[in-house]
Each structure stands twice: as structure tokens, then as C-alpha cells.
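Novice: What follows is a structure written as C-alpha cells; I'll ask about it next.
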Amino acid sequence: MALLWPDRALLGMALCFLVGAAVSQAFLPHCLSETLKAIIDGQASGQLAVSTFTGPLSNLLLAAIAGAFFSSLRGACFIIIGARASVRLRRQLLESLLKQEVGFFDTTKTGEITSRLTQDCQRVADQVSFNVNFFSRTVVELVATLCFMLSYSTELTMISFATVPLVAVLSNRVGHYMQKLSEETQQKLADANAVAEEALSSIATVRTFGGQIYEQRRFQENLQKFYHLESRRAKVYIGYLFVIMMLPHLSNCLVLFQIGRLCVQGLSAPVLLAFVFYLQTLNGCFNSLADIYTNIMQALGSATRVFELVHRTPRQQLQNLGGEIPKELVRGHIELKDVSFSYPAHPERLVLQNLSLECPPGKAIALVGPSGGGKSTCVALIQRLYGPHQGHVLLDQRDVLEYGENYTELVSAVSQEPLLFGCSIRENILYGLPDDHPARTDALSPDVVSAACLANAHHFIQQMADGYDSCVGERGVQLSGGQKQRIAIARALVRKPQVLLLDEATSALDAESELQVQMAINNLVAHHDMTVVIVAHRLSTVKKADVIYVIAPRRELVRPSLRRNRNMGSGRFVRGSWPYY
Ligand code: ADP
């Protein structure tokens, strides 16, 4: 209902059409009975002429036309309502997903999320429009039919309703069971989707290691579980449908038995006929209601899964306490103060413990150390992808979580395997910048070009067929690793950030690309108008840094030593025993 509320005006209109359609439909047996009555009475009195029954017959025709007219309008309204509900639900879901903390995605499979976004949403939206349509139609039809039936015979009407309580209790029980079952089935389907999604997005690796059969088996296993649950649903449905379809016939027999007795006492044929028609409509209504109820309960199963996500509160809230701080006022002093952190996927394993490090404005620090030591984790914390369990990550002595939405313009990052989007190079460089940002101009902006020059990317971009408008393919597949890295650096630089984070930007590159990216990094470090944090494992990358921190698990620091950094002279130190330094 909450989902349909924004369309209440349209819904009200649809309900008006619906009442019109139901009343017209309910009039049909009455008009039929009147027509027959006119014919039979005319015959009995010997004055039967065409004009005797054309009056009630034209009423019958009018009722049929009105019924068809209102029904088609009602149907159209509900299609629109369904489509709007579907769009709204998906939009709300994606909005909520994009707000979730990164840790949520570490512990939830992408396939499962897409399954909720596609299948569950579709099911909810379909059922919402379809069931609201049919449920309201059935209820209105039921009430109208009931009124007509009561006007014919109270006794027969009461008998017709004899089996209703049984149908209601049974539908309720089965409905709840179906809801639970539906939740489980959708979960299994989501698991299967997650397997397919993972396999398809890593198709090169799957092929390289001949993992096709393994993936197929995993997919099949999940589908098998889904199939078992569906079979269980089918079994329940057999028994349920059998009883539900039998009961109305039972009450039919009772009513017909009573009609027979009344006929013996002189009930007229047209009344009998009208009542039989009403009885048919009534049965139809009861069957529909029982069916709709189980459908609604199934849709509730999907809805539970969707709304769970729509209403999920992100674990990490950005506080934005002091409003947005103007960019010019931020100097770029980065500090990690006594930080301890573990990832949500492994909360029991501390990755960082009481770590403190600092980088003054305009300087460059390098984080080095063995793989798995926690260098990228430090960068992720500065990026606000995660929040520390203890301690603070500070930018200009202020907790990074307190910054407003312009934080992404203050701190930019280039990750180990940067991801480009399936659009032009220009759009990739401008990605995420608001429409009114000075770098977003109709023609190619000088900001974009200078960012590309600084990133050593301008030259190769110019050599491409469409220059900055060349499309890079999905995830940037049409570019080499080095080219992607350099565009990613340009993307970070076009924001003119106060702090730039480079996380192993050269690790996956060949010698030539590495040299190019290295030159780009050297350009930046030499500039001194932004703070640069470099994560690297190559000496050449970190040589130009003002201070070097060795980040390593405790057991790695077998020979702790303090070494002053000559460049800084500010009392900062490098603690380490790593062979490179
Ligand atoms: P480095 O950059 O020094 O190689 P990382 O910061 O990437 O190290 O990783 C530090 C530790 O955290 C490793 O043991 C790694 O397995 C773990 N880790 C990294 N990312 C995640 C994640 N998203 N979820 C759980 N554990 C992670």
C-alpha cells in the first residue's frame, strides 16, 4: 500500500472504473432474467411481440457495453500503476544500495543484490498491480452480486455462503506457508544468480583454468534446491486447489437442492436462472479471492527481501557535522591517529592495530611493506570506504567522517586496478563531477586536457580515432592496463584534490607503461600543491617521497629500528626492517 500511495489519484480513478465495471457485470444476470421474464410472461398471456422484450434486452446490451468499457479503462490504469510502482521500487532500492557502507558489499554477493533488484522487484510490482486490480474487482463484484442475490432470496444467499469460513481458514494457513516458501525459493534463485554473475564476470579466468564444469555444477546445485522448493509448493498447491475448487461446488449442490425444493413450491424460471448465474459469479469470486490471497502471500515473501534492503540503515554514517568546508580552506594534512581496524567480513581479525601516521600538507608519503600488511587498508580508511573501530582518520585535524559530500573533491584516489566505465574517455575523466562543475563544458575543457597531460595520458588519447570522445568499452576493456591507469590518474586530478591517494598504481603494468605512469606520479609529487599518499612496493616509485612508512604485521618487524627521514626533518620517522629500505 505504501508503494502505491504516491499514485493514489490514479488508483482512485481505477477504483471508480472498477466499481462501474463490477456493477455493470452484476446487472447482467438481472437484465437476462428480466428479458426471459418478459418473453415467458408475453407467451403465457398470448401477447408476445418483439417490442415486449426489446426494452430489457437493450438494458442487457447497455450493461454489457458499460462493463466492457469500464473494465478496459480499469485494466489500463492498473498497468500504468504497476509500471510506476516497479520504477519507484527499483529506484528506492538502488538509492538505498548506493548509500550502504562498502563493508556490506564485502559480505553480500553481487548476484544476490541484482536478483533482488530484478526478480524480486518485478514480482512485487507485478503482484501489487495485478492483485490490487483483481482483489478490488473481486470484492466489488462480490458485494454487488451479494446485493442482487439478497434481493432475490435471503435463504438461498445464506446457503451459498455456507463454505466461506472453511475457505478463509484454509487460504490463510496455506498463504502463510506460501510466503515462507517463496522467501526460500527466491533466496535459492539469488544464490544461483550469484554463481552465474561471478562466473560470467570472470569468464577469462574460468576459461583459463577450465572452470566451466565446476561453475555449471555449482549453478546446477543451486537450481536443484530451487526446484525442490518449487516441487514442495506444487504439492501443497495440489491439495489446496482441490479443496478450494471442491467447496464451492459443494455449496452449489446445496443451493441447487434448495432451489429444486423451491421450484416445487412454484419458484419462477427467470428467477431460478438469475440465481444460478449469480451463483456462478459468486463461485468465480471465491476462487479468485483464494488465489489472490496465496499470490499476495508469495509476493510478500519477495517484498520482505526487497524492503529489508530498501530500509536498511548503513552501518557507517557520514556525519557532515559542520556542513561543507570550502575547498580553498582545506590544506590537506592527513593523519591516522591510533587507528585499529578489521574488515566486516572478518571482524575477528585485526588488520591495523593502534596505527598512527601523518602526512603534512603538500608533502608525499610512501607506504611500503610486505603484501597483506595493511597499506591499501590505510588508503581505504582515508577514502572513507570504511570507518576505523578505534582511533581517528583526520583531514586537517578533523575526522574525515564529518566532512560533507565534497569530500570526494578534496581527496581523490587511483586504485590498484582502476575501473573505467563504458563511456567516452572524457566522461570517464569527468566521472562523478556535478553538472555545474567548471570542468564540465560543452567543448573539451582545458581542465580535462591539463589533467590528462599531468597524468601522461594526453598523447595517447590524441592518437585515438575519436580522441577524448573515444569509447573505452565496458570496464575499459578496449584500453591497455597502463592507459587505464593514466586515465584513472587524470580522473583523480581533474578534481584538483588536496589529497591524492595512489594505491600501487604501477603494480600491474609492463615496463613501458610503468615508466609512463611513474613519470605521471613524479610529476605530481614534484608539484607540492597537493598531499600525495603512495602505496608501492617498488623503490623507484617511492624514491621521491618525503617520508616512508613501513606498514607490516607485528611479526614482520623482527628488527625494529628508527630512522629519521632526511627530507622531512620534522621528527617523523620510519620504523622498519624491510629489506628495500
Ligand atoms: P596491503 O595493501 O599491504 O597488501 P591490504 O590492506 O590489502 O594489504 O590487506 C591487509 C589485510 O586485510 C590482508 O590480510 C587482507 O587479506 C585483508 N583484506 C583486505 N581487504 C579485505 C576485505 N575487503 N575484506 C576482508 N579482508 C580484507
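Identifiers for the C-alpha cells are assigned positionally: chains receive A, B, ... in sequence, residues are indexed from 1 per chain, and ligands are indexed from 1 in the order shown.
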What are the closest atom pairs, with distances in Å to one decimal, for all residues of stretch 253-370 of chain A lying within 12 Å of stretch 408-417 of chain A? Consider only C-alpha atoms, order rows by chain and residue number, and present the result as a tab-separated table.

Specialist:
residue	atom	partner	partner_atom	distance
A:Glu324	CA	A:Leu410	CA	11.0
A:Ile325	CA	A:Leu410	CA	9.7
A:Pro326	CA	A:Leu410	CA	9.5
A:Lys327	CA	A:Leu410	CA	6.7
A:Glu328	CA	A:Leu410	CA	9.7
A:Leu329	CA	A:Leu410	CA	10.5
A:Val330	CA	A:Leu410	CA	7.8
A:Arg331	CA	A:Leu410	CA	9.5
A:Gly332	CA	A:Leu410	CA	8.0
A:His333	CA	A:Val411	CA	11.0
A:Ile334	CA	A:Val411	CA	10.1

Novice: Produce a file of the selected residues containing C-alpha atoms, as a short mmCIF file (atom, residue, chain, number, x, y, z; two decimals), in the first residue's frame.

Specialist:
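Result file is part29.cif:
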data_model
loop_
_atom_site.label_atom_id
_atom_site.label_comp_id
_atom_site.auth_asym_id
_atom_site.auth_seq_id
_atom_site.Cartn_x
_atom_site.Cartn_y
_atom_site.Cartn_z
CA GLU A 324 30.60 21.54 3.64
CA ILE A 325 34.05 23.02 4.14
CA PRO A 326 35.08 25.20 1.16
CA LYS A 327 37.86 23.59 -0.81
CA GLU A 328 40.19 26.58 -0.50
CA LEU A 329 40.20 26.23 3.29
CA VAL A 330 41.42 22.64 3.25
CA ARG A 331 45.21 22.31 3.40
CA GLY A 332 45.49 18.56 3.04
CA HIS A 333 47.04 17.47 6.35
CA ILE A 334 46.37 13.74 6.67
#

Novice: Ligand 1: which residues are within 12 Å, counting only C-alpha atoms and all ligand atoms? Reply as a PyMOL selection string.

Specialist: chain A and resi 101-108+341-353+366-381+385-386+415-416+502-505+507+534-537+549-553

Novice: What does the distance between atom CA of A:Ala364 and atom CA of A:Thr531 come to in Å, to one decimal place?

Specialist: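 Separating atom CA of A:Ala364 from atom CA of A:Thr531 is a distance of 5.7 Å.
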
Novice: I'd like the neighbourhood of A:Leu479 as a list in words, where a residue qualifies if any of its atoms comes within 12 Å (using only C-alpha atoms), though same-chain residues fewer than 5 positions away should be ignored.

Specialist: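 Contacts, with the query itself left out: Pro418, Leu419, Leu420, Phe421, Gly422, Ser424, Ile425, Ala457, Phe460, Ile461, Met464, Ser470, Cys471, Val472, Gly473, Glu474, Lys484, Gln485, Arg486, Ile487, Ala488 and Ser513 of chain A.
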
Novice: Given only C-alpha atoms as the basis, pick out the residue of A:Pro29, A:Gly20, A:Gly482, A:Gly111 nearest to A:Thr281.

Specialist: A:Pro29

Novice: When DSSP works through the backbone of this structure, what residues of stretch 255-321 of chain A end up as alpha helix (DSSP H), shown as an mmCIF file with C-alpha atoms, in the first residue's frame?

Specialist:
data_model
loop_
_atom_site.group_PDB
_atom_site.id
_atom_site.type_symbol
_atom_site.label_atom_id
_atom_site.label_comp_id
_atom_site.auth_asym_id
_atom_site.auth_seq_id
_atom_site.Cartn_x
_atom_site.Cartn_y
_atom_site.Cartn_z
ATOM 1 C CA VAL A 255 -28.155 -24.287 -3.206
ATOM 2 C CA LEU A 256 -29.453 -26.237 -6.194
ATOM 3 C CA PHE A 257 -31.069 -28.740 -3.865
ATOM 4 C CA GLN A 258 -32.849 -25.876 -2.128
ATOM 5 C CA ILE A 259 -33.743 -24.241 -5.488
ATOM 6 C CA GLY A 260 -35.262 -27.561 -6.564
ATOM 7 C CA ARG A 261 -37.398 -27.612 -3.433
ATOM 8 C CA LEU A 262 -38.465 -24.002 -4.003
ATOM 9 C CA CYS A 263 -39.324 -24.777 -7.651
ATOM 10 C CA VAL A 264 -41.624 -27.480 -6.401
ATOM 11 C CA ALA A 269 -37.874 -19.966 -14.135
ATOM 12 C CA PRO A 270 -36.311 -16.469 -14.732
ATOM 13 C CA VAL A 271 -35.611 -16.056 -11.029
ATOM 14 C CA LEU A 272 -34.070 -19.503 -10.964
ATOM 15 C CA LEU A 273 -31.893 -18.646 -13.951
ATOM 16 C CA ALA A 274 -30.760 -15.329 -12.493
ATOM 17 C CA PHE A 275 -29.842 -17.004 -9.236
ATOM 18 C CA VAL A 276 -27.842 -19.717 -10.981
ATOM 19 C CA PHE A 277 -25.889 -17.025 -12.865
ATOM 20 C CA TYR A 278 -25.230 -15.153 -9.642
ATOM 21 C CA LEU A 279 -24.080 -18.359 -8.047
ATOM 22 C CA GLN A 280 -21.555 -18.842 -10.859
ATOM 23 C CA THR A 281 -20.223 -15.314 -10.393
ATOM 24 C CA LEU A 282 -20.028 -15.887 -6.664
ATOM 25 C CA ASN A 283 -18.006 -19.071 -7.130
ATOM 26 C CA GLY A 284 -15.686 -17.241 -9.508
ATOM 27 C CA CYS A 285 -15.185 -14.521 -6.897
ATOM 28 C CA PHE A 286 -14.366 -17.004 -4.132
ATOM 29 C CA ASN A 287 -11.902 -18.876 -6.319
ATOM 30 C CA SER A 288 -10.217 -15.616 -7.341
ATOM 31 C CA LEU A 289 -10.011 -14.401 -3.749
ATOM 32 C CA ALA A 290 -8.365 -17.618 -2.586
ATOM 33 C CA ASP A 291 -5.896 -17.459 -5.476
ATOM 34 C CA ILE A 292 -5.158 -13.779 -4.946
ATOM 35 C CA TYR A 293 -4.529 -14.388 -1.263
ATOM 36 C CA THR A 294 -1.861 -17.029 -1.912
ATOM 37 C CA ASN A 295 -0.324 -14.811 -4.609
ATOM 38 C CA ILE A 296 -0.190 -11.887 -2.221
ATOM 39 C CA MET A 297 1.478 -14.013 0.409
ATOM 40 C CA GLN A 298 4.100 -15.105 -2.144
ATOM 41 C CA ALA A 299 4.671 -11.522 -3.197
ATOM 42 C CA LEU A 300 5.128 -10.686 0.482
ATOM 43 C CA GLY A 301 7.987 -13.191 0.528
ATOM 44 C CA SER A 302 9.738 -11.197 -2.207
ATOM 45 C CA ALA A 303 8.675 -7.898 -0.658
ATOM 46 C CA THR A 304 10.294 -8.852 2.659
ATOM 47 C CA ARG A 305 13.606 -9.323 0.865
ATOM 48 C CA VAL A 306 13.300 -6.094 -1.111
ATOM 49 C CA PHE A 307 12.115 -3.844 1.723
ATOM 50 C CA GLU A 308 14.750 -5.279 4.052
ATOM 51 C CA LEU A 309 17.281 -3.640 1.737
ATOM 52 C CA VAL A 310 15.264 -0.503 0.989
#

Novice: Between A:Arg207, A:Lys109, A:His30, A:Lys99, which residue has the minimum interatomic distance to A:Phe148, considering only C-alpha atoms?

Specialist: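 Selected residue with least distance to A:Phe148: A:His30.
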
Novice: Do a neighbour search on stretch 232-247 of chain A at 12 Å with only C-alpha atoms, toss out local chain neighbours closer than 5 positions, and write the hits as a VMD selection string.

Specialist: chain A and resid 160 to 185 225 to 227 252 to 254 283 to 291 294 to 295 298

Novice: List as JSON, numbers by chain the protein and nucleic acid residues near A:Ala68, meaning an atom at most 12 Å away when only C-alpha atoms are counted, but skip any in the same chain fewer than 4 places from it.

Specialist: {"A": [17, 18, 20, 21, 22, 23, 24, 25, 28, 61, 62, 63, 64, 72, 73, 74, 75]}

Novice: If we count only C-alpha atoms, what is near A:Leu355 at a cut-off of 7 Å, once residues fewer than 5 positions away on the same chain are taken out, given as a PyMOL selection string?

Specialist: chain A and resi 336-340

Novice: Could the residues in this selection be saved with N, CA and C atoms as a compact mmCIF listing (two decimals), in the first residue's frame?

Specialist:
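Output file result_28.txt follows:
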# COMPACT_ATOMS: atom_id res chain seq x y z
N LEU A 336 46.48 9.53 10.57
CA LEU A 336 45.80 8.38 11.16
C LEU A 336 46.25 8.34 12.61
N LYS A 337 45.30 8.40 13.55
CA LYS A 337 45.67 8.54 14.95
C LYS A 337 45.20 7.31 15.71
N ASP A 338 46.13 6.48 16.11
CA ASP A 338 45.83 5.34 16.97
C ASP A 338 44.70 4.47 16.38
N VAL A 339 44.83 4.18 15.11
CA VAL A 339 43.72 3.50 14.41
C VAL A 339 43.80 1.98 14.54
N SER A 340 42.68 1.37 14.90
CA SER A 340 42.56 -0.10 14.84
C SER A 340 41.39 -0.42 13.94
